[in-house]
Amino acid sequence: MSIQPMNRTEIKPPVAPGTFWSGRDLVSTRDLSPSEIDAILNLAGIMKARPADFREALAGKHLVLFFEKPSLRTRLTFEAGMASLGGATTFVDQRHERLDAREKLSDIAHNIERWMHAIVLRTFAQETIDGMAEHASIPVINALSDLEHPCQGLTDFFTLQERFGDLKKVTLAYVGDGNNVAHSLLLVGAALGTRVRVATPKGYAPKAEIVADAQALAKKTGAKIELFTDPAEAVAGADAVYTDAWASMGQEHEADERAKIFLPYRVDDALMSKAAPHAIFMHCLPAHRGEEVTDAVMDSERSVIFDQAENRMHVQKAILFLLMGGEMGRIPVRSAHA
Ligand code: CP
Ligand code: NVA
């Protein structure tokens, strides 16, 4: 295929915020239509190109982050992103006690909504995020659960679009565990018309419910969802090769057993050589160098891992702007390069 990187001078104006976006939750990318996902990616592109135009967009707004699991990228990109929009953040470390251990989730929600304007949650159970969204009158954003990592999935397709342009012509091959990141890549890829191949060992495939939803979406968008057990088959001719930890947060006790099972799924130069000559390497990070990916691949010219990390901030800024009712008059109407 010929590769046409995204030309940001062609960015469409974002969908106008207002009642349509404002106050909504993002607990799953299944909450978003394909055109809404497209709008987030477009707005992220404008925000990346013209950050100064958004410096006051969320002035006076306050975001709270509750994290039951560790984080580098997600915490810092939400904090830096919110600050660059003129808003404030408070981080609450929930690593030592699950969010609803001390108090009913509905009571927590009804407190927070009196002080804050949006809630970002990183949890074990997806149900905690769903429950908070059900009870809180303010937007709730999923910053990773055991089931999904929507902000990561949206960002990864933004990064693919920057590299390749038309996502309908892209083949993304994910190799490793059928985990939260794999789920979000399947769901976002299906919405955007991409060919998404996932190779996992038997017993570690993505959840059937997620695959069924991705396949249903793919029927409407022209995406292709393909599952494999052979990593070489999945990677053959792909434009991008993606992997993630073999043992996710909360599965550390399974790490030794998984290391043996997943060994054939390590992304090394031999596996990368089966992808297209222009193929890029992707990882959500943190990476376990020498396990799911070699140093040589991580540090190669094909690796876009730090672009992905940077883009987390731009995409999350677009999400915050839309869900928290960013000031419409402050959206630039000029093109990205005017
Ligand atoms: N990719 C990602 O979510 O990184 P953190 O766990 O560091 O937030
Ligand atoms: N699958 C990994 C992603 C980390 C960003 C985990 O859940 O630990």
# chains A, B, ... in the order shown; residues from 1 in each chain; ligands from 1
call {"tool": "residues_around", "arguments": {"residues": "region 77-85 of chain A", "least_positions_apart": "6", "cutoff": "6 Å", "atoms": "only C-alpha atoms", "output": "number ranges by chain"}}
result
A: 54-58, 313, 317
call {"tool": "residues_near_ligand", "arguments": {"ligand": "ligand 1", "cutoff": "10 Å", "atoms": "only C-alpha atoms and all ligand atoms", "output": "JSON, numbers by chain"}}
result
{"A": [67, 69, 70, 71, 72, 73, 74, 75, 76, 77, 78, 122, 143, 144, 149, 150, 151, 152, 153, 181, 244, 248, 249, 283, 284, 285, 286, 287, 305, 308, 309, 312]}
call {"tool": "closest_atom_pairs", "arguments": {"of": "region 292-328 of chain A", "to": "region 35-52 of chain A", "cutoff": "7 Å", "atoms": "only C-alpha atoms", "output": "tab-separated table"}}
result
residue	atom	partner	partner_atom	distance
A:His314	CA	A:Ala44	CA	5.2
A:Val315	CA	A:Ala44	CA	4.9
A:Ala318	CA	A:Ala44	CA	5.1
A:Ile319	CA	A:Ile40	CA	6.6
call {"tool": "select_by_dssp", "arguments": {"residues": "region 145-285 of chain A", "states": "strand (DSSP E or B)", "output": "PDB file with all heavy atoms, in the first residue's frame"}}
result
ATOM      1  N   THR A 171      -3.603  -2.190   8.509  1.00  0.00           N
ATOM      2  CA  THR A 171      -3.709  -3.473   9.215  1.00  0.00           C
ATOM      3  C   THR A 171      -2.863  -3.393  10.475  1.00  0.00           C
ATOM      4  O   THR A 171      -1.654  -3.162  10.414  1.00  0.00           O
ATOM      5  CB  THR A 171      -3.205  -4.641   8.335  1.00  0.00           C
ATOM      6  OG1 THR A 171      -4.034  -4.716   7.172  1.00  0.00           O
ATOM      7  CG2 THR A 171      -3.266  -5.965   9.089  1.00  0.00           C
ATOM      8  N   LEU A 172      -3.527  -3.565  11.622  1.00  0.00           N
ATOM      9  CA  LEU A 172      -2.851  -3.549  12.924  1.00  0.00           C
ATOM     10  C   LEU A 172      -2.838  -4.980  13.454  1.00  0.00           C
ATOM     11  O   LEU A 172      -3.894  -5.613  13.551  1.00  0.00           O
ATOM     12  CB  LEU A 172      -3.621  -2.638  13.893  1.00  0.00           C
ATOM     13  CG  LEU A 172      -3.231  -2.723  15.376  1.00  0.00           C
ATOM     14  CD1 LEU A 172      -1.826  -2.197  15.600  1.00  0.00           C
ATOM     15  CD2 LEU A 172      -4.218  -1.920  16.229  1.00  0.00           C
ATOM     16  N   ALA A 173      -1.643  -5.473  13.788  1.00  0.00           N
ATOM     17  CA  ALA A 173      -1.529  -6.828  14.357  1.00  0.00           C
ATOM     18  C   ALA A 173      -1.120  -6.719  15.814  1.00  0.00           C
ATOM     19  O   ALA A 173      -0.041  -6.185  16.125  1.00  0.00           O
ATOM     20  CB  ALA A 173      -0.503  -7.637  13.575  1.00  0.00           C
ATOM     21  N   TYR A 174      -1.966  -7.206  16.704  1.00  0.00           N
ATOM     22  CA  TYR A 174      -1.671  -7.223  18.145  1.00  0.00           C
ATOM     23  C   TYR A 174      -1.282  -8.649  18.519  1.00  0.00           C
ATOM     24  O   TYR A 174      -2.000  -9.604  18.183  1.00  0.00           O
ATOM     25  CB  TYR A 174      -2.902  -6.768  18.935  1.00  0.00           C
ATOM     26  CG  TYR A 174      -2.720  -6.892  20.437  1.00  0.00           C
ATOM     27  CD1 TYR A 174      -2.291  -5.809  21.200  1.00  0.00           C
ATOM     28  CD2 TYR A 174      -2.947  -8.109  21.084  1.00  0.00           C
ATOM     29  CE1 TYR A 174      -2.098  -5.936  22.565  1.00  0.00           C
ATOM     30  CE2 TYR A 174      -2.759  -8.242  22.448  1.00  0.00           C
ATOM     31  CZ  TYR A 174      -2.334  -7.160  23.183  1.00  0.00           C
ATOM     32  OH  TYR A 174      -2.142  -7.287  24.535  1.00  0.00           O
ATOM     33  N   VAL A 175      -0.170  -8.771  19.241  1.00  0.00           N
ATOM     34  CA  VAL A 175       0.372 -10.089  19.578  1.00  0.00           C
ATOM     35  C   VAL A 175       0.570 -10.175  21.090  1.00  0.00           C
ATOM     36  O   VAL A 175       1.248  -9.321  21.668  1.00  0.00           O
ATOM     37  CB  VAL A 175       1.742 -10.268  18.876  1.00  0.00           C
ATOM     38  CG1 VAL A 175       2.405 -11.561  19.292  1.00  0.00           C
ATOM     39  CG2 VAL A 175       1.580 -10.233  17.364  1.00  0.00           C
ATOM     40  N   ARG A 195      -8.412  -3.000   9.745  1.00  0.00           N
ATOM     41  CA  ARG A 195      -8.251  -4.463   9.881  1.00  0.00           C
ATOM     42  C   ARG A 195      -7.445  -4.711  11.152  1.00  0.00           C
ATOM     43  O   ARG A 195      -6.294  -4.259  11.249  1.00  0.00           O
ATOM     44  CB  ARG A 195      -7.496  -5.029   8.677  1.00  0.00           C
ATOM     45  CG  ARG A 195      -7.324  -6.547   8.715  1.00  0.00           C
ATOM     46  CD  ARG A 195      -6.465  -7.021   7.553  1.00  0.00           C
ATOM     47  NE  ARG A 195      -7.156  -6.912   6.285  1.00  0.00           N
ATOM     48  CZ  ARG A 195      -7.856  -7.881   5.699  1.00  0.00           C
ATOM     49  NH1 ARG A 195      -7.945  -9.060   6.273  1.00  0.00           N
ATOM     50  NH2 ARG A 195      -8.446  -7.678   4.546  1.00  0.00           N
ATOM     51  N   VAL A 196      -8.038  -5.378  12.123  1.00  0.00           N
ATOM     52  CA  VAL A 196      -7.350  -5.642  13.387  1.00  0.00           C
ATOM     53  C   VAL A 196      -7.188  -7.147  13.546  1.00  0.00           C
ATOM     54  O   VAL A 196      -8.170  -7.896  13.552  1.00  0.00           O
ATOM     55  CB  VAL A 196      -8.117  -5.070  14.610  1.00  0.00           C
ATOM     56  CG1 VAL A 196      -7.309  -5.285  15.887  1.00  0.00           C
ATOM     57  CG2 VAL A 196      -8.423  -3.593  14.420  1.00  0.00           C
ATOM     58  N   ARG A 197      -5.941  -7.577  13.632  1.00  0.00           N
ATOM     59  CA  ARG A 197      -5.636  -8.993  13.851  1.00  0.00           C
ATOM     60  C   ARG A 197      -5.089  -9.152  15.261  1.00  0.00           C
ATOM     61  O   ARG A 197      -4.230  -8.374  15.684  1.00  0.00           O
ATOM     62  CB  ARG A 197      -4.588  -9.474  12.867  1.00  0.00           C
ATOM     63  CG  ARG A 197      -5.002  -9.338  11.418  1.00  0.00           C
ATOM     64  CD  ARG A 197      -3.873  -9.915  10.587  1.00  0.00           C
ATOM     65  NE  ARG A 197      -4.099  -9.775   9.178  1.00  0.00           N
ATOM     66  CZ  ARG A 197      -3.111  -9.678   8.291  1.00  0.00           C
ATOM     67  NH1 ARG A 197      -1.846  -9.666   8.703  1.00  0.00           N
ATOM     68  NH2 ARG A 197      -3.371  -9.582   7.021  1.00  0.00           N
ATOM     69  N   VAL A 198      -5.555 -10.172  15.963  1.00  0.00           N
ATOM     70  CA  VAL A 198      -5.088 -10.406  17.333  1.00  0.00           C
ATOM     71  C   VAL A 198      -4.619 -11.857  17.443  1.00  0.00           C
ATOM     72  O   VAL A 198      -5.387 -12.784  17.144  1.00  0.00           O
ATOM     73  CB  VAL A 198      -6.209 -10.128  18.359  1.00  0.00           C
ATOM     74  CG1 VAL A 198      -5.767 -10.512  19.764  1.00  0.00           C
ATOM     75  CG2 VAL A 198      -6.612  -8.659  18.317  1.00  0.00           C
ATOM     76  N   ALA A 199      -3.358 -12.043  17.851  1.00  0.00           N
ATOM     77  CA  ALA A 199      -2.819 -13.400  18.037  1.00  0.00           C
ATOM     78  C   ALA A 199      -2.525 -13.617  19.513  1.00  0.00           C
ATOM     79  O   ALA A 199      -1.758 -12.857  20.124  1.00  0.00           O
ATOM     80  CB  ALA A 199      -1.536 -13.577  17.224  1.00  0.00           C
ATOM     81  N   LYS A 224     -12.194  -5.291   9.598  1.00  0.00           N
ATOM     82  CA  LYS A 224     -12.009  -6.752   9.625  1.00  0.00           C
ATOM     83  C   LYS A 224     -11.432  -7.107  10.984  1.00  0.00           C
ATOM     84  O   LYS A 224     -10.418  -6.545  11.401  1.00  0.00           O
ATOM     85  CB  LYS A 224     -11.018  -7.198   8.539  1.00  0.00           C
ATOM     86  CG  LYS A 224     -11.486  -6.940   7.119  1.00  0.00           C
ATOM     87  CD  LYS A 224     -12.362  -8.086   6.639  1.00  0.00           C
ATOM     88  CE  LYS A 224     -12.911  -7.857   5.228  1.00  0.00           C
ATOM     89  NZ  LYS A 224     -13.779  -6.684   5.087  1.00  0.00           N
ATOM     90  N   ILE A 225     -12.061  -8.047  11.654  1.00  0.00           N
ATOM     91  CA  ILE A 225     -11.609  -8.496  12.969  1.00  0.00           C
ATOM     92  C   ILE A 225     -11.185  -9.948  12.807  1.00  0.00           C
ATOM     93  O   ILE A 225     -12.008 -10.798  12.434  1.00  0.00           O
ATOM     94  CB  ILE A 225     -12.764  -8.392  14.000  1.00  0.00           C
ATOM     95  CG1 ILE A 225     -13.262  -6.945  14.108  1.00  0.00           C
ATOM     96  CG2 ILE A 225     -12.354  -8.960  15.360  1.00  0.00           C
ATOM     97  CD1 ILE A 225     -12.228  -5.929  14.562  1.00  0.00           C
ATOM     98  N   GLU A 226      -9.911 -10.231  13.059  1.00  0.00           N
ATOM     99  CA  GLU A 226      -9.396 -11.580  12.809  1.00  0.00           C
ATOM    100  C   GLU A 226      -8.607 -12.077  14.016  1.00  0.00           C
ATOM    101  O   GLU A 226      -7.713 -11.372  14.501  1.00  0.00           O
ATOM    102  CB  GLU A 226      -8.493 -11.559  11.563  1.00  0.00           C
ATOM    103  CG  GLU A 226      -9.249 -11.124  10.316  1.00  0.00           C
ATOM    104  CD  GLU A 226      -8.349 -10.783   9.138  1.00  0.00           C
ATOM    105  OE1 GLU A 226      -7.181 -10.415   9.366  1.00  0.00           O
ATOM    106  OE2 GLU A 226      -8.813 -10.877   8.001  1.00  0.00           O
ATOM    107  N   LEU A 227      -8.933 -13.281  14.481  1.00  0.00           N
ATOM    108  CA  LEU A 227      -8.240 -13.858  15.637  1.00  0.00           C
ATOM    109  C   LEU A 227      -7.340 -15.010  15.191  1.00  0.00           C
ATOM    110  O   LEU A 227      -7.732 -15.799  14.322  1.00  0.00           O
ATOM    111  CB  LEU A 227      -9.251 -14.374  16.666  1.00  0.00           C
ATOM    112  CG  LEU A 227     -10.229 -13.348  17.247  1.00  0.00           C
ATOM    113  CD1 LEU A 227     -11.028 -13.965  18.387  1.00  0.00           C
ATOM    114  CD2 LEU A 227      -9.524 -12.092  17.737  1.00  0.00           C
ATOM    115  N   PHE A 228      -6.164 -15.088  15.797  1.00  0.00           N
ATOM    116  CA  PHE A 228      -5.173 -16.118  15.449  1.00  0.00           C
ATOM    117  C   PHE A 228      -4.568 -16.689  16.731  1.00  0.00           C
ATOM    118  O   PHE A 228      -4.650 -16.065  17.792  1.00  0.00           O
ATOM    119  CB  PHE A 228      -4.008 -15.499  14.656  1.00  0.00           C
ATOM    120  CG  PHE A 228      -4.402 -14.844  13.366  1.00  0.00           C
ATOM    121  CD1 PHE A 228      -4.867 -13.528  13.351  1.00  0.00           C
ATOM    122  CD2 PHE A 228      -4.298 -15.529  12.156  1.00  0.00           C
ATOM    123  CE1 PHE A 228      -5.221 -12.908  12.167  1.00  0.00           C
ATOM    124  CE2 PHE A 228      -4.647 -14.913  10.954  1.00  0.00           C
ATOM    125  CZ  PHE A 228      -5.106 -13.602  10.966  1.00  0.00           C
ATOM    126  N   ALA A 240       1.360  -2.276  11.301  1.00  0.00           N
ATOM    127  CA  ALA A 240       1.765  -1.980  12.682  1.00  0.00           C
ATOM    128  C   ALA A 240       1.696  -3.255  13.498  1.00  0.00           C
ATOM    129  O   ALA A 240       0.751  -4.047  13.345  1.00  0.00           O
ATOM    130  CB  ALA A 240       0.853  -0.927  13.278  1.00  0.00           C
ATOM    131  N   VAL A 241       2.705  -3.453  14.336  1.00  0.00           N
ATOM    132  CA  VAL A 241       2.749  -4.605  15.240  1.00  0.00           C
ATOM    133  C   VAL A 241       2.714  -4.049  16.659  1.00  0.00           C
ATOM    134  O   VAL A 241       3.505  -3.158  17.006  1.00  0.00           O
ATOM    135  CB  VAL A 241       4.032  -5.438  15.029  1.00  0.00           C
ATOM    136  CG1 VAL A 241       4.081  -6.617  16.002  1.00  0.00           C
ATOM    137  CG2 VAL A 241       4.114  -5.915  13.583  1.00  0.00           C
ATOM    138  N   TYR A 242       1.799  -4.578  17.472  1.00  0.00           N
ATOM    139  CA  TYR A 242       1.537  -4.028  18.813  1.00  0.00           C
ATOM    140  C   TYR A 242       1.636  -5.155  19.818  1.00  0.00           C
ATOM    141  O   TYR A 242       1.167  -6.265  19.570  1.00  0.00           O
ATOM    142  CB  TYR A 242       0.104  -3.469  18.809  1.00  0.00           C
ATOM    143  CG  TYR A 242      -0.250  -2.497  19.928  1.00  0.00           C
ATOM    144  CD1 TYR A 242      -0.763  -1.240  19.623  1.00  0.00           C
ATOM    145  CD2 TYR A 242      -0.117  -2.835  21.272  1.00  0.00           C
ATOM    146  CE1 TYR A 242      -1.116  -0.334  20.625  1.00  0.00           C
ATOM    147  CE2 TYR A 242      -0.467  -1.935  22.275  1.00  0.00           C
ATOM    148  CZ  TYR A 242      -0.960  -0.689  21.955  1.00  0.00           C
ATOM    149  OH  TYR A 242      -1.299   0.191  22.940  1.00  0.00           O
ATOM    150  N   THR A 243       2.254  -4.875  20.965  1.00  0.00           N
ATOM    151  CA  THR A 243       2.183  -5.846  22.052  1.00  0.00           C
ATOM    152  C   THR A 243       2.024  -5.126  23.383  1.00  0.00           C
ATOM    153  O   THR A 243       2.135  -3.898  23.466  1.00  0.00           O
ATOM    154  CB  THR A 243       3.399  -6.797  22.066  1.00  0.00           C
ATOM    155  OG1 THR A 243       3.113  -7.885  22.961  1.00  0.00           O
ATOM    156  CG2 THR A 243       4.664  -6.104  22.524  1.00  0.00           C
ATOM    157  N   VAL A 267       7.834 -10.074  20.660  1.00  0.00           N
ATOM    158  CA  VAL A 267       8.083  -9.326  19.424  1.00  0.00           C
ATOM    159  C   VAL A 267       9.584  -9.050  19.336  1.00  0.00           C
ATOM    160  O   VAL A 267      10.144  -8.293  20.127  1.00  0.00           O
ATOM    161  CB  VAL A 267       7.265  -8.011  19.385  1.00  0.00           C
ATOM    162  CG1 VAL A 267       7.575  -7.245  18.103  1.00  0.00           C
ATOM    163  CG2 VAL A 267       5.773  -8.305  19.490  1.00  0.00           C
ATOM    164  N   ILE A 280       5.437  -0.252  11.674  1.00  0.00           N
ATOM    165  CA  ILE A 280       5.870   0.385  12.927  1.00  0.00           C
ATOM    166  C   ILE A 280       5.618  -0.573  14.093  1.00  0.00           C
ATOM    167  O   ILE A 280       4.813  -1.501  13.987  1.00  0.00           O
ATOM    168  CB  ILE A 280       5.129   1.720  13.174  1.00  0.00           C
ATOM    169  CG1 ILE A 280       3.604   1.525  13.197  1.00  0.00           C
ATOM    170  CG2 ILE A 280       5.527   2.742  12.125  1.00  0.00           C
ATOM    171  CD1 ILE A 280       2.819   2.767  13.616  1.00  0.00           C
ATOM    172  N   PHE A 281       6.337  -0.315  15.196  1.00  0.00           N
ATOM    173  CA  PHE A 281       6.124  -1.099  16.423  1.00  0.00           C
ATOM    174  C   PHE A 281       5.416  -0.224  17.454  1.00  0.00           C
ATOM    175  O   PHE A 281       5.817   0.929  17.679  1.00  0.00           O
ATOM    176  CB  PHE A 281       7.455  -1.604  16.995  1.00  0.00           C
ATOM    177  CG  PHE A 281       7.268  -2.188  18.372  1.00  0.00           C
ATOM    178  CD1 PHE A 281       6.620  -3.398  18.533  1.00  0.00           C
ATOM    179  CD2 PHE A 281       7.685  -1.495  19.511  1.00  0.00           C
ATOM    180  CE1 PHE A 281       6.386  -3.923  19.807  1.00  0.00           C
ATOM    181  CE2 PHE A 281       7.462  -2.012  20.781  1.00  0.00           C
ATOM    182  CZ  PHE A 281       6.816  -3.233  20.926  1.00  0.00           C
ATOM    183  N   MET A 282       4.403  -0.790  18.116  1.00  0.00           N
ATOM    184  CA  MET A 282       3.627  -0.030  19.110  1.00  0.00           C
ATOM    185  C   MET A 282       3.539  -0.796  20.428  1.00  0.00           C
ATOM    186  O   MET A 282       3.500  -2.030  20.461  1.00  0.00           O
ATOM    187  CB  MET A 282       2.203   0.239  18.589  1.00  0.00           C
ATOM    188  CG  MET A 282       2.178   0.968  17.260  1.00  0.00           C
ATOM    189  SD  MET A 282       0.500   1.273  16.644  1.00  0.00           S
ATOM    190  CE  MET A 282       0.032   2.728  17.588  1.00  0.00           C
ATOM    191  N   HIS A 283       3.481  -0.045  21.518  1.00  0.00           N
ATOM    192  CA  HIS A 283       3.327  -0.624  22.866  1.00  0.00           C
ATOM    193  C   HIS A 283       2.716   0.473  23.727  1.00  0.00           C
ATOM    194  O   HIS A 283       3.155   1.622  23.681  1.00  0.00           O
ATOM    195  CB  HIS A 283       4.694  -1.049  23.406  1.00  0.00           C
ATOM    196  CG  HIS A 283       4.635  -1.951  24.604  1.00  0.00           C
ATOM    197  ND1 HIS A 283       3.922  -1.641  25.739  1.00  0.00           N
ATOM    198  CD2 HIS A 283       5.213  -3.156  24.840  1.00  0.00           C
ATOM    199  CE1 HIS A 283       4.063  -2.625  26.628  1.00  0.00           C
ATOM    200  NE2 HIS A 283       4.833  -3.571  26.103  1.00  0.00           N
TER     201      HIS A 283
END
call {"tool": "residues_around", "arguments": {"residues": "region 206-211 of chain A", "least_positions_apart": "6", "cutoff": "7 Å", "atoms": "only C-alpha atoms", "output": "list in words"}}
result
Gly178, Asn179, Ala182 and His183 of chain A
call {"tool": "select_by_dssp", "arguments": {"residues": "region 27-205 of chain A", "states": "helix (DSSP H, G or I)", "output": "PyMOL selection string"}}
result
chain A and resi 29-31+34-49+51-54+73-84+105-115+126-135+150-164+167-169+180-192
call {"tool": "write_last_selection", "arguments": {"atoms": "C-alpha atoms", "output": "PDB file, in the first residue's frame"}}
result
ATOM      1  CA  THR A  29     -15.523   3.248  23.570  1.00  0.00           C
ATOM      2  CA  ARG A  30     -18.775   1.388  22.938  1.00  0.00           C
ATOM      3  CA  ASP A  31     -20.373   4.635  24.264  1.00  0.00           C
ATOM      4  CA  PRO A  34     -17.702   6.034  14.777  1.00  0.00           C
ATOM      5  CA  SER A  35     -18.300   9.695  13.890  1.00  0.00           C
ATOM      6  CA  GLU A  36     -17.881  10.699  17.534  1.00  0.00           C
ATOM      7  CA  ILE A  37     -14.558   8.835  17.672  1.00  0.00           C
ATOM      8  CA  ASP A  38     -13.568  10.617  14.492  1.00  0.00           C
ATOM      9  CA  ALA A  39     -14.496  13.960  16.102  1.00  0.00           C
ATOM     10  CA  ILE A  40     -12.293  13.239  19.139  1.00  0.00           C
ATOM     11  CA  LEU A  41      -9.328  12.381  16.908  1.00  0.00           C
ATOM     12  CA  ASN A  42      -9.857  15.506  14.810  1.00  0.00           C
ATOM     13  CA  LEU A  43     -10.068  17.755  17.844  1.00  0.00           C
ATOM     14  CA  ALA A  44      -6.968  16.092  19.328  1.00  0.00           C
ATOM     15  CA  GLY A  45      -5.127  16.933  16.099  1.00  0.00           C
ATOM     16  CA  ILE A  46      -6.124  20.588  16.372  1.00  0.00           C
ATOM     17  CA  MET A  47      -5.178  20.710  20.052  1.00  0.00           C
ATOM     18  CA  LYS A  48      -1.808  19.141  19.308  1.00  0.00           C
ATOM     19  CA  ALA A  49      -1.129  21.682  16.548  1.00  0.00           C
ATOM     20  CA  PRO A  51      -2.253  24.183  22.179  1.00  0.00           C
ATOM     21  CA  ALA A  52      -2.162  27.910  22.951  1.00  0.00           C
ATOM     22  CA  ASP A  53      -5.700  28.343  21.605  1.00  0.00           C
ATOM     23  CA  PHE A  54      -7.073  26.170  24.411  1.00  0.00           C
ATOM     24  CA  ARG A  73       1.446   8.072  31.629  1.00  0.00           C
ATOM     25  CA  THR A  74      -2.247   8.203  32.424  1.00  0.00           C
ATOM     26  CA  ARG A  75      -1.890  10.189  35.620  1.00  0.00           C
ATOM     27  CA  LEU A  76       0.603  12.689  34.214  1.00  0.00           C
ATOM     28  CA  THR A  77      -1.122  13.191  30.873  1.00  0.00           C
ATOM     29  CA  PHE A  78      -4.451  13.893  32.574  1.00  0.00           C
ATOM     30  CA  GLU A  79      -2.781  16.263  35.052  1.00  0.00           C
ATOM     31  CA  ALA A  80      -0.650  18.087  32.478  1.00  0.00           C
ATOM     32  CA  GLY A  81      -3.501  18.097  29.950  1.00  0.00           C
ATOM     33  CA  MET A  82      -5.996  19.585  32.405  1.00  0.00           C
ATOM     34  CA  ALA A  83      -3.465  22.236  33.513  1.00  0.00           C
ATOM     35  CA  SER A  84      -2.844  23.207  29.880  1.00  0.00           C
ATOM     36  CA  LEU A 105     -20.118   3.973  45.599  1.00  0.00           C
ATOM     37  CA  SER A 106     -23.371   5.946  45.263  1.00  0.00           C
ATOM     38  CA  ASP A 107     -22.530   7.992  48.396  1.00  0.00           C
ATOM     39  CA  ILE A 108     -19.040   8.720  47.044  1.00  0.00           C
ATOM     40  CA  ALA A 109     -20.556   9.799  43.720  1.00  0.00           C
ATOM     41  CA  HIS A 110     -23.052  12.141  45.398  1.00  0.00           C
ATOM     42  CA  ASN A 111     -20.235  13.786  47.374  1.00  0.00           C
ATOM     43  CA  ILE A 112     -17.869  14.252  44.467  1.00  0.00           C
ATOM     44  CA  GLU A 113     -20.489  15.743  42.163  1.00  0.00           C
ATOM     45  CA  ARG A 114     -20.927  18.628  44.661  1.00  0.00           C
ATOM     46  CA  TRP A 115     -17.244  19.640  44.426  1.00  0.00           C
ATOM     47  CA  GLN A 126     -15.170  -2.316  35.166  1.00  0.00           C
ATOM     48  CA  GLU A 127     -18.299  -2.416  37.361  1.00  0.00           C
ATOM     49  CA  THR A 128     -16.767   0.236  39.659  1.00  0.00           C
ATOM     50  CA  ILE A 129     -16.511   2.641  36.721  1.00  0.00           C
ATOM     51  CA  ASP A 130     -19.972   1.698  35.423  1.00  0.00           C
ATOM     52  CA  GLY A 131     -21.410   2.194  38.935  1.00  0.00           C
ATOM     53  CA  MET A 132     -19.772   5.586  39.404  1.00  0.00           C
ATOM     54  CA  ALA A 133     -21.105   6.681  36.005  1.00  0.00           C
ATOM     55  CA  GLU A 134     -24.572   5.488  36.935  1.00  0.00           C
ATOM     56  CA  HIS A 135     -24.652   7.451  40.205  1.00  0.00           C
ATOM     57  CA  PRO A 150     -10.445   3.458  26.102  1.00  0.00           C
ATOM     58  CA  CYS A 151      -8.065   6.452  26.287  1.00  0.00           C
ATOM     59  CA  GLN A 152      -5.214   4.188  25.166  1.00  0.00           C
ATOM     60  CA  GLY A 153      -7.181   2.670  22.285  1.00  0.00           C
ATOM     61  CA  LEU A 154      -8.343   6.066  21.007  1.00  0.00           C
ATOM     62  CA  THR A 155      -4.790   7.432  21.233  1.00  0.00           C
ATOM     63  CA  ASP A 156      -3.312   4.478  19.386  1.00  0.00           C
ATOM     64  CA  PHE A 157      -5.602   5.035  16.415  1.00  0.00           C
ATOM     65  CA  PHE A 158      -4.738   8.761  16.499  1.00  0.00           C
ATOM     66  CA  THR A 159      -1.057   7.739  16.276  1.00  0.00           C
ATOM     67  CA  LEU A 160      -1.818   5.307  13.427  1.00  0.00           C
ATOM     68  CA  GLN A 161      -3.721   8.054  11.600  1.00  0.00           C
ATOM     69  CA  GLU A 162      -0.759  10.435  11.991  1.00  0.00           C
ATOM     70  CA  ARG A 163       1.501   7.814  10.423  1.00  0.00           C
ATOM     71  CA  PHE A 164      -0.698   6.312   7.740  1.00  0.00           C
ATOM     72  CA  LEU A 167      -7.298   4.049   8.860  1.00  0.00           C
ATOM     73  CA  LYS A 168      -9.460   1.965   6.534  1.00  0.00           C
ATOM     74  CA  LYS A 169      -6.288   0.967   4.669  1.00  0.00           C
ATOM     75  CA  ASN A 180      -7.863  -4.630  28.325  1.00  0.00           C
ATOM     76  CA  VAL A 181      -5.621  -2.958  25.718  1.00  0.00           C
ATOM     77  CA  ALA A 182      -6.385  -5.644  23.118  1.00  0.00           C
ATOM     78  CA  HIS A 183     -10.099  -5.128  23.833  1.00  0.00           C
ATOM     79  CA  SER A 184      -9.915  -1.383  23.266  1.00  0.00           C
ATOM     80  CA  LEU A 185      -7.872  -1.810  20.071  1.00  0.00           C
ATOM     81  CA  LEU A 186     -10.505  -4.233  18.758  1.00  0.00           C
ATOM     82  CA  LEU A 187     -13.398  -1.911  19.605  1.00  0.00           C
ATOM     83  CA  VAL A 188     -11.837   1.318  18.302  1.00  0.00           C
ATOM     84  CA  GLY A 189     -10.402  -0.385  15.208  1.00  0.00           C
ATOM     85  CA  ALA A 190     -13.802  -1.894  14.433  1.00  0.00           C
ATOM     86  CA  ALA A 191     -15.446   1.536  14.733  1.00  0.00           C
ATOM     87  CA  LEU A 192     -12.896   3.153  12.411  1.00  0.00           C
TER      88      LEU A 192
END
call {"tool": "closest_residue", "arguments": {"among": "A:Thr90, A:Thr123, A:Ser273, A:Ser22", "to": "ligand 2", "atoms": "only C-alpha atoms and all ligand atoms"}}
result
A:Thr123
call {"tool": "closest_residue", "arguments": {"among": "A:Ala275, A:Ala247, A:Ile119, A:Ala238", "to": "Ser137 (chain A)", "atoms": "only C-alpha atoms"}}
result
A:Ile119
call {"tool": "closest_residue", "arguments": {"among": "A:Phe66, A:Trp246, A:Phe321, A:Phe262", "to": "ligand 2", "atoms": "only C-alpha atoms and all ligand atoms"}}
result
A:Trp246
call {"tool": "closest_residue", "arguments": {"among": "A:Gly222, A:Ser28, A:Leu121, A:Glu291", "to": "Arg98 (chain A)", "atoms": "only C-alpha atoms"}}
result
A:Leu121
call {"tool": "closest_residue", "arguments": {"among": "A:Pro201, A:Leu322, A:Glu310, A:Ser303", "to": "Arg266 (chain A)", "atoms": "only C-alpha atoms"}}
result
A:Pro201
call {"tool": "closest_residue", "arguments": {"among": "A:Gln251, A:Ser33, A:Gln94, A:Thr89", "to": "ligand 2", "atoms": "only C-alpha atoms and all ligand atoms"}}
result
A:Gln251
